[in-house]
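Dropping entry-v9.cif in here (mmCIF, C-alpha atoms and all ligand atoms):
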```cif
data_start
loop_
_atom_site.label_atom_id
_atom_site.label_comp_id
_atom_site.auth_asym_id
_atom_site.auth_seq_id
_atom_site.Cartn_x
_atom_site.Cartn_y
_atom_site.Cartn_z
CA MET X 1 15.34 24.70 11.90
CA SER X 2 12.74 23.04 9.63
CA ARG X 3 9.05 22.28 9.30
CA CYS X 4 7.49 19.62 7.11
CA SER X 5 3.95 18.40 6.54
CA ALA X 6 2.64 15.11 5.16
CA PRO X 7 -0.84 13.82 4.27
CA GLY X 8 -2.81 10.86 5.57
CA LYS X 9 -4.28 8.35 3.16
CA ILE X 10 -7.09 5.97 2.46
CA ILE X 11 -6.42 2.57 1.01
CA LEU X 12 -9.03 2.10 -1.68
CA PHE X 13 -8.09 -1.52 -2.42
CA GLY X 14 -5.51 -4.02 -1.23
CA GLU X 15 -4.79 -3.47 2.49
CA HIS X 16 -3.30 -6.53 4.21
CA ALA X 17 -2.81 -8.34 0.87
CA VAL X 18 -0.10 -5.79 0.04
CA VAL X 19 1.95 -7.03 3.01
CA PHE X 20 2.13 -10.36 1.12
CA GLY X 21 3.51 -8.64 -1.98
CA LYS X 22 0.13 -8.13 -3.73
CA PRO X 23 -0.78 -4.76 -5.28
CA ALA X 24 -2.64 -1.95 -3.49
CA LEU X 25 -4.18 1.36 -4.47
CA ALA X 26 -3.97 4.22 -1.96
CA LEU X 27 -5.05 7.85 -2.16
CA ALA X 28 -3.57 10.76 -0.22
CA ILE X 29 -6.20 12.84 1.63
CA ASP X 30 -6.32 16.49 2.63
CA LEU X 31 -5.74 15.81 6.34
CA ARG X 32 -2.10 16.51 7.26
CA ILE X 33 0.39 16.20 10.09
CA VAL X 34 2.99 18.91 10.59
CA SER X 35 6.35 18.18 12.26
CA ASP X 36 8.49 21.01 13.46
CA VAL X 37 12.15 20.26 14.25
CA GLN X 38 14.24 22.70 16.33
CA PRO X 39 17.70 22.56 17.94
CA SER X 40 17.43 21.78 21.66
CA ASP X 41 19.43 20.85 24.79
CA GLU X 42 17.80 17.42 24.90
CA PHE X 43 15.64 15.20 22.67
CA THR X 44 12.00 16.14 23.31
CA VAL X 45 8.64 15.43 21.69
CA ASN X 46 5.86 17.97 22.12
CA GLY X 47 7.69 19.42 25.11
CA HIS X 48 8.27 16.10 26.92
CA PRO X 49 11.56 14.20 27.14
CA MET X 50 11.58 11.67 24.29
CA LYS X 51 10.90 8.07 25.35
CA LYS X 52 11.34 5.19 22.88
CA ARG X 53 8.17 3.49 24.15
CA HIS X 54 5.87 6.54 24.06
CA HIS X 55 7.31 8.13 20.94
CA ALA X 56 8.05 5.00 18.96
CA TYR X 57 7.74 6.48 15.45
CA ILE X 58 9.55 9.74 16.18
CA SER X 59 12.35 8.07 18.10
CA ALA X 60 12.82 5.50 15.29
CA SER X 61 12.74 8.39 12.76
CA LEU X 62 15.62 10.06 14.60
CA ASP X 63 17.58 6.77 14.58
CA GLU X 64 16.95 6.36 10.85
CA ALA X 65 17.31 9.92 9.55
CA TRP X 66 19.25 12.04 12.02
CA GLY X 67 22.38 11.11 13.99
CA GLY X 68 22.99 14.80 14.89
CA PRO X 69 22.76 16.85 18.11
CA PRO X 70 19.58 16.92 20.25
CA VAL X 71 16.42 18.32 18.68
CA SER X 72 12.90 19.02 19.86
CA VAL X 73 10.10 17.69 17.64
CA ARG X 74 6.62 19.17 17.75
CA THR X 75 3.73 17.63 15.87
CA ILE X 76 0.32 19.01 14.99
CA SER X 77 -2.09 16.41 13.67
CA ALA X 78 -5.42 16.62 11.88
CA ILE X 79 -5.57 12.79 11.63
CA PRO X 80 -7.05 10.74 14.50
CA SER X 81 -4.46 8.16 15.60
CA GLY X 82 -5.36 4.49 15.13
CA SER X 83 -8.11 5.53 12.71
CA GLY X 84 -6.77 3.61 9.70
CA LEU X 85 -6.07 6.90 7.94
CA GLY X 86 -2.29 6.61 8.02
CA SER X 87 -1.52 8.81 11.03
CA SER X 88 1.59 6.82 11.98
CA ALA X 89 2.91 7.06 8.42
CA ALA X 90 2.15 10.79 8.20
CA VAL X 91 3.88 11.51 11.50
CA THR X 92 6.87 9.45 10.39
CA VAL X 93 7.02 10.98 6.89
CA SER X 94 6.69 14.56 8.17
CA CYS X 95 9.31 13.96 10.89
CA VAL X 96 11.79 12.22 8.56
CA GLY X 97 11.13 14.98 6.01
CA GLY X 98 11.87 17.68 8.57
CA LEU X 99 15.07 15.96 9.66
CA LEU X 100 16.30 15.44 6.07
CA ALA X 101 15.41 19.04 5.19
CA ALA X 102 17.51 20.21 8.15
CA LYS X 103 20.44 18.27 6.63
CA ASP X 104 19.68 19.51 3.08
CA GLN X 105 18.95 15.94 1.98
CA PHE X 106 15.20 16.24 1.40
CA SER X 107 13.58 14.33 -1.44
CA PRO X 108 10.19 12.54 -1.38
CA GLU X 109 11.83 9.28 -2.48
CA LEU X 110 14.46 9.32 0.29
CA VAL X 111 11.77 10.25 2.80
CA ALA X 112 9.64 7.30 1.59
CA ARG X 113 12.53 4.84 1.89
CA LYS X 114 13.55 5.93 5.37
CA ALA X 115 9.97 6.22 6.64
CA PHE X 116 9.30 2.63 5.48
CA GLU X 117 12.31 1.42 7.51
CA VAL X 118 10.88 3.27 10.53
CA GLU X 119 7.47 1.57 10.16
CA LEU X 120 9.18 -1.81 9.84
CA THR X 121 11.20 -1.19 13.00
CA VAL X 122 8.14 -0.15 14.99
CA GLN X 123 5.53 -2.57 13.54
CA GLY X 124 7.53 -5.67 12.65
CA ARG X 125 5.69 -6.41 9.39
CA ALA X 126 4.60 -3.61 7.06
CA SER X 127 4.33 -2.64 3.41
CA PRO X 128 5.52 0.70 2.02
CA THR X 129 1.93 1.65 1.06
CA ASP X 130 1.22 4.26 3.72
CA THR X 131 4.67 5.81 3.82
CA SER X 132 5.09 6.02 0.02
CA THR X 133 1.57 7.44 -0.39
CA SER X 134 2.21 10.06 2.28
CA ALA X 135 5.56 10.90 0.64
CA HIS X 136 4.31 11.13 -2.98
CA GLY X 137 0.70 12.19 -2.33
CA GLN X 138 -1.97 12.06 -5.10
CA GLY X 139 -2.72 8.41 -5.90
CA VAL X 140 -0.28 5.54 -5.59
CA LEU X 141 -0.48 2.06 -7.09
CA ILE X 142 1.86 -0.42 -5.43
CA SER X 143 2.55 -3.59 -7.34
CA PRO X 144 5.07 -6.43 -7.57
CA GLU X 145 5.32 -5.69 -11.33
CA ARG X 146 6.71 -2.57 -12.88
CA LEU X 147 3.91 -0.62 -14.62
CA ASP X 148 3.59 2.82 -16.20
CA GLY X 149 4.13 5.83 -13.94
CA LEU X 150 6.92 4.25 -11.85
CA LEU X 151 8.14 6.49 -9.02
CA TRP X 152 10.49 4.19 -7.12
CA LYS X 153 10.99 0.55 -6.15
CA ILE X 154 11.35 -0.82 -2.62
CA GLU X 155 12.65 -4.32 -1.88
CA LYS X 156 12.59 -6.03 1.49
CA GLY X 157 12.51 -9.58 2.83
CA GLY X 158 11.92 -11.17 -0.58
CA SER X 159 9.09 -8.78 -1.54
CA THR X 160 9.36 -6.13 -4.24
CA TRP X 161 7.01 -3.16 -4.28
CA ASN X 162 7.03 -0.89 -7.34
CA ILE X 163 5.49 2.44 -6.40
CA HIS X 164 3.58 4.16 -9.24
CA HIS X 165 1.84 7.50 -9.61
CA ARG X 166 -1.91 7.45 -10.31
CA ASP X 167 -4.18 10.41 -11.03
CA VAL X 168 -7.22 10.16 -8.75
CA MET X 169 -8.84 13.58 -8.85
CA GLY X 170 -12.58 13.97 -9.33
CA LEU X 171 -13.85 11.30 -6.96
CA THR X 172 -15.66 12.11 -3.70
CA PHE X 173 -15.24 9.94 -0.65
CA VAL X 174 -16.72 10.09 2.81
CA ILE X 175 -14.81 8.41 5.61
CA GLY X 176 -16.68 6.93 8.54
CA TYR X 177 -14.55 6.74 11.66
CA THR X 178 -15.78 4.21 14.23
CA GLY X 179 -13.90 5.90 17.07
CA ILE X 180 -12.43 2.49 17.87
CA HIS X 181 -8.65 2.64 18.07
CA ALA X 182 -7.00 -0.43 16.54
CA ALA X 183 -3.25 -1.02 16.38
CA THR X 184 -2.04 -2.09 12.94
CA GLY X 185 0.83 -4.43 14.03
CA PRO X 186 -1.27 -7.15 15.76
CA LEU X 187 -3.89 -7.14 12.98
CA VAL X 188 -1.18 -7.66 10.36
CA ALA X 189 0.37 -10.45 12.47
CA ASN X 190 -3.00 -12.23 12.85
CA VAL X 191 -3.62 -12.20 9.10
CA LYS X 192 -0.22 -13.83 8.61
CA LYS X 193 -1.12 -16.58 11.13
CA LEU X 194 -4.42 -17.23 9.34
CA VAL X 195 -2.87 -17.31 5.86
CA ASP X 196 -0.23 -19.77 7.09
CA VAL X 197 -2.87 -22.34 8.12
CA GLU X 198 -5.96 -21.59 5.96
CA PRO X 199 -5.76 -22.12 2.19
CA SER X 200 -9.00 -20.13 1.77
CA ALA X 201 -7.33 -17.11 3.41
CA ALA X 202 -4.44 -17.39 0.95
CA ARG X 203 -7.00 -17.46 -1.89
CA SER X 204 -8.64 -14.32 -0.50
CA ILE X 205 -5.27 -12.56 -0.59
CA ASP X 206 -4.90 -13.57 -4.27
CA ARG X 207 -8.42 -12.36 -5.10
CA ILE X 208 -7.76 -9.02 -3.39
CA GLY X 209 -4.72 -8.66 -5.66
CA GLU X 210 -6.99 -9.07 -8.72
CA ILE X 211 -9.50 -6.56 -7.33
CA VAL X 212 -6.74 -3.96 -7.00
CA MET X 213 -5.76 -4.26 -10.66
CA ASP X 214 -9.43 -4.12 -11.79
CA GLY X 215 -9.86 -1.11 -9.51
CA ALA X 216 -6.81 0.60 -11.03
CA ASP X 217 -8.44 0.21 -14.49
CA ALA X 218 -11.79 1.50 -13.20
CA ILE X 219 -10.06 4.56 -11.69
CA LYS X 220 -8.61 5.46 -15.10
CA THR X 221 -12.09 5.66 -16.64
CA ARG X 222 -13.70 6.96 -13.40
CA ASP X 223 -16.09 3.97 -13.57
CA LYS X 224 -17.74 4.58 -10.20
CA LYS X 225 -20.22 1.69 -10.44
CA ARG X 226 -17.40 -0.78 -11.03
CA LEU X 227 -15.31 0.80 -8.25
CA GLY X 228 -18.25 0.50 -5.86
CA SER X 229 -18.85 -3.17 -6.56
CA LEU X 230 -15.12 -3.93 -6.18
CA MET X 231 -15.14 -2.04 -2.85
CA ARG X 232 -18.01 -4.19 -1.58
CA GLU X 233 -16.25 -7.41 -2.58
CA ASN X 234 -12.95 -6.27 -1.05
CA HIS X 235 -14.78 -5.49 2.22
CA GLU X 236 -16.24 -9.00 2.46
CA LEU X 237 -12.85 -10.58 1.77
CA LEU X 238 -11.28 -8.48 4.55
CA ASN X 239 -14.04 -9.62 6.92
CA GLY X 240 -13.10 -13.18 6.03
CA LEU X 241 -9.50 -12.45 6.99
CA GLY X 242 -10.67 -11.48 10.48
CA VAL X 243 -9.91 -7.76 10.32
CA GLY X 244 -13.54 -6.58 10.25
CA HIS X 245 -15.60 -5.20 13.11
CA GLU X 246 -19.36 -4.99 13.63
CA ALA X 247 -19.14 -1.19 13.92
CA LEU X 248 -17.50 -1.11 10.46
CA ASP X 249 -20.20 -3.39 9.00
CA LYS X 250 -22.86 -1.09 10.40
CA LEU X 251 -21.33 1.94 8.71
CA VAL X 252 -20.78 0.07 5.43
CA SER X 253 -24.45 -1.06 5.44
CA ALA X 254 -25.60 2.49 6.13
CA CYS X 255 -24.03 3.54 2.80
CA GLN X 256 -25.71 0.86 0.69
CA GLU X 257 -28.44 3.14 -0.73
CA ASN X 258 -26.54 6.42 -1.00
CA ALA X 259 -23.06 5.41 -2.23
CA TYR X 260 -21.56 3.40 -5.11
CA GLY X 261 -19.82 1.19 -2.58
CA ALA X 262 -18.12 1.17 0.79
CA LYS X 263 -15.45 -0.82 2.60
CA LEU X 264 -13.19 -0.72 5.61
CA THR X 265 -9.96 1.11 4.92
CA GLY X 266 -6.53 0.51 6.45
CA ALA X 267 -5.83 -2.11 9.05
CA GLY X 268 -9.45 -2.64 10.22
CA GLY X 269 -10.43 -4.03 13.62
CA GLY X 270 -12.19 -0.68 14.18
CA GLY X 271 -10.61 2.38 12.63
CA SER X 272 -12.43 3.66 9.54
CA MET X 273 -14.46 2.77 6.48
CA VAL X 274 -14.74 4.73 3.27
CA ALA X 275 -17.64 5.25 0.87
CA LEU X 276 -17.51 6.45 -2.76
CA THR X 277 -20.43 8.80 -3.29
CA ASP X 278 -21.85 11.63 -5.40
CA ASP X 279 -23.80 12.91 -2.43
CA PRO X 280 -21.43 13.44 0.48
CA LYS X 281 -24.08 15.19 2.61
CA VAL X 282 -26.50 12.27 2.49
CA THR X 283 -23.73 9.69 2.97
CA SER X 284 -22.28 11.66 5.92
CA GLU X 285 -25.69 11.81 7.57
CA ALA X 286 -26.21 8.06 7.11
CA ILE X 287 -22.80 7.38 8.68
CA ARG X 288 -23.58 9.69 11.59
CA LYS X 289 -26.96 8.00 12.17
CA ALA X 290 -25.22 4.62 12.24
CA GLY X 291 -22.89 5.81 15.02
CA GLY X 292 -19.81 6.85 13.01
CA GLU X 293 -17.97 10.13 12.64
CA PRO X 294 -18.20 11.25 9.00
CA ILE X 295 -15.24 13.05 7.42
CA THR X 296 -15.57 14.24 3.80
CA VAL X 297 -12.16 14.25 2.17
CA ARG X 298 -10.61 15.53 -0.99
CA VAL X 299 -8.34 12.89 -2.45
CA GLY X 300 -5.16 13.41 -4.43
CA ALA X 301 -3.58 15.74 -1.85
CA GLN X 302 0.03 16.87 -2.25
CA GLY X 303 2.68 14.61 -0.68
CA VAL X 304 5.38 15.49 1.87
CA ARG X 305 6.33 19.14 1.64
CA VAL X 306 8.85 21.38 3.36
CA GLU X 307 6.91 24.27 4.90
CA LYS X 308 9.86 26.15 6.34
CA ARG X 309 13.61 25.69 6.42
O1 LIG J 401 -3.53 1.02 9.70
P1 LIG J 401 -3.14 1.73 8.47
O2 LIG J 401 -4.13 2.67 7.95
O3 LIG J 401 -1.80 2.33 8.58
O4 LIG J 401 -3.07 0.66 7.26
C1 LIG J 401 -2.28 -0.47 7.31
C2 LIG J 401 -2.31 -1.15 5.97
C3 LIG J 401 -1.91 -2.62 6.04
O5 LIG J 401 -1.95 -3.11 4.70
C4 LIG J 401 -2.85 -3.41 6.90
C5 LIG J 401 -0.49 -2.78 6.58
C6 LIG J 401 0.62 -2.29 5.68
O6 LIG J 401 1.73 -2.06 6.20
O7 LIG J 401 0.41 -2.17 4.46
#
```

Exercise: express the given structure as structure tokens:
Amino acid sequence: MSRCSAPGKIILFGEHAVVFGKPALALAIDLRIVSDVQPSDEFTVNGHPMKKRHHAYISASLDEAWGGPPVSVRTISAIPSGSGLGSSAAVTVSCVGGLLAAKDQFSPELVARKAFEVELTVQGRASPTDTSTSAHGQGVLISPERLDGLLWKIEKGGSTWNIHHRDVMGLTFVIGYTGIHAATGPLVANVKKLVDVEPSAARSIDRIGEIVMDGADAIKTRDKKRLGSLMRENHELLNGLGVGHEALDKLVSACQENAYGAKLTGAGGGGSMVALTDDPKVTSEAIRKAGGEPITVRVGAQGVRVEKR
């Protein structure tokens, strides 16, 4: 009936702070998830009867974007789940995309809006960063203010996120995956608890917002030194918010000599870090030696795309 694919992402700056309405800069990566949607006698996921608990994102995608007869959904993923690389967003975006394509209603903006609702339903608190980046691809700057390159605007619960296109080609990143699976929802909830009681945590959120805007300027001029130093500062602030992990610190330290900068990416608590480098081989080796799984990625990948209809 239809097949759709969507990319994962790295958050270069602004994770967690973006949930509080601050800006964030995210880059689509060339690791994709494919969702295949076919007519069926019953709702199934990868050949098994669909269960809300086991297939939270796909079942919520069907609630949000379908409303038709039973379908079977099959997914093929190149993104480790719980790795901080946006696997839940990519599965949601590709599935919603496939369902909308089957109804002839496909557009990246509609996919982004519906996929954000799905993440909210499943996670409780969320920002549209991952879902909009997976839908648009390339680079995405999310901000409370409207800037140049506006794609669409999402409003929810008193927060406004303007989603803007950013060109991010020509930068090389190596991801270091810790192999530690960390669920995003509880990490996001813990940051909220901390910010509610600790004024210094609220200040960190504000500072991260400034780093994002500096980073967006540095991306324009491809100022890698500046990007690297902002990445290091952003990493320390995230550690202060309690979303770090010693395995992440180890990988970040391993990149000190061979990369412009490195930081955790995504929700933290395990998951992945990312390093900006001119020498991906050396950086990959350093990450491997420090116990991580290196993945060299091309950034600026294409967003959600219908593969077959
Ligand atoms: O765990 P990931 O890679 O999906 O990243 C979550 C990013 C957060 O800012 C922590 C949450 C959000 O919804 O923006």

| said: What does the list of residues within 6 Å of ligand LIG 401 (chain J) look like if you count all atoms listed in the file, written as number ranges by chain? | reply: X: 15-16, 18-19, 84-86, 126-127, 129, 184, 188, 266-267

| request: Using all atoms listed in the file, determine which residues lie at most 10 Å from Arg113 in chain X, disregarding the query and same-chain residues fewer than 3 positions distant; provide the list as a count of residues only. | output: 16

| said: Quick one: residues within 12 Å of Lys114 in chain X, all atoms listed in the file, excluding same-chain residues fewer than 5 positions away - as a PyMOL selection string? | reply: chain X and resi 57+60-66+89+92-97+99-100+105-109+119-121+128+131-132+135+154

| field | Nearby residues (only C-alpha atoms) at most 9 Å from Cys255 in chain X, same-chain spacing under 6 positions excluded, as a PyMOL selection string | value | chain X and resi 261-262+275+277+283-284+286-287

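What separates CA of Ser134 in chain X from CA of Ala28 in chain X is a distance of 6.3 Å.
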
Could I get the residues of range 18-56 of chain X with an atom no further than 12 Å from an atom of range 159-180 of chain X, each paired with its nearest atom pair and that distance in Å to one decimal, using all atoms listed in the file, sorted by chain and residue number, as a tab-separated table?
```
residue	atom	partner	partner_atom	distance
X:Val18	CA	X:Trp161	CA	8.7
X:Val19	CA	X:Ser159	CA	8.6
X:Phe20	CA	X:Ser159	CA	7.6
X:Gly21	CA	X:Ser159	CA	5.6
X:Lys22	CA	X:Trp161	CA	8.5
X:Pro23	CA	X:Trp161	CA	8.0
X:Ala24	CA	X:Ile163	CA	9.7
X:Leu25	CA	X:Arg166	CA	8.7
X:Ala26	CA	X:Arg166	CA	9.2
X:Leu27	CA	X:Val168	CA	7.3
X:Ala28	CA	X:Val168	CA	9.3
X:Ile29	CA	X:Phe173	CA	9.8
X:Asp30	CA	X:Phe173	CA	11.5
X:Leu31	CA	X:Ile175	CA	11.7
```

| note | Using all atoms listed in the file, the shortest atom-to-atom distance to Ala183 in chain X among X:Ser40, X:Ser88, X:Gln256, X:Ser204 belongs to X:Ser88

| Interatomic distance (Å, one decimal) between CA of Tyr260 in chain X and CA of Lys220 in chain X | 16.5 Å

For range 212-216 of chain X, find every residue with an atom within 6 Å (counting all atoms listed in the file), except residues of its own chain fewer than 4 positions away, and show them as a short mmCIF file (atom, residue, chain, number, x, y, z; two decimals) with C-alpha atoms, in the coordinates of the input.
```cif
data_model
loop_
_atom_site.label_atom_id
_atom_site.label_comp_id
_atom_site.auth_asym_id
_atom_site.auth_seq_id
_atom_site.Cartn_x
_atom_site.Cartn_y
_atom_site.Cartn_z
CA PHE X 13 -8.09 -1.52 -2.42
CA GLY X 14 -5.51 -4.02 -1.23
CA ALA X 24 -2.64 -1.95 -3.49
CA LEU X 227 -15.31 0.80 -8.25
#
```

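Between CA of Asp41 in chain X and CA of His55 in chain X the interatomic distance comes to 18.0 Å.
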
| field | Neighbours of point (-14.1, -6.4, -1.8) within 10 Å, using all atoms listed in the file, written as a PyMOL selection string | value | chain X and resi 12-14+204+207-208+211-212+227-239+261-264

May I have the protein, DNA and RNA residues with an atom at most 7 Å from (17.9, 21.3, 7.5), counting only C-alpha atoms in the file's coordinates, returned as a compact mmCIF listing (two decimals) with C-alpha atoms, keeping the file's coordinate frame?
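Now in point13.txt:
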```txt
# COMPACT_ATOMS: atom_id res chain seq x y z
CA MET X 1 15.34 24.70 11.90
CA SER X 2 12.74 23.04 9.63
CA LEU X 99 15.07 15.96 9.66
CA LEU X 100 16.30 15.44 6.07
CA ALA X 101 15.41 19.04 5.19
CA ALA X 102 17.51 20.21 8.15
CA LYS X 103 20.44 18.27 6.63
CA ASP X 104 19.68 19.51 3.08
CA ARG X 309 13.61 25.69 6.42
```

| message | Restricting the calculation to all atoms listed in the file: of X:Asn46, X:Val274, X:Ala115, X:Pro70, which residue gets closest to Ile10 in chain X? | response | X:Val274
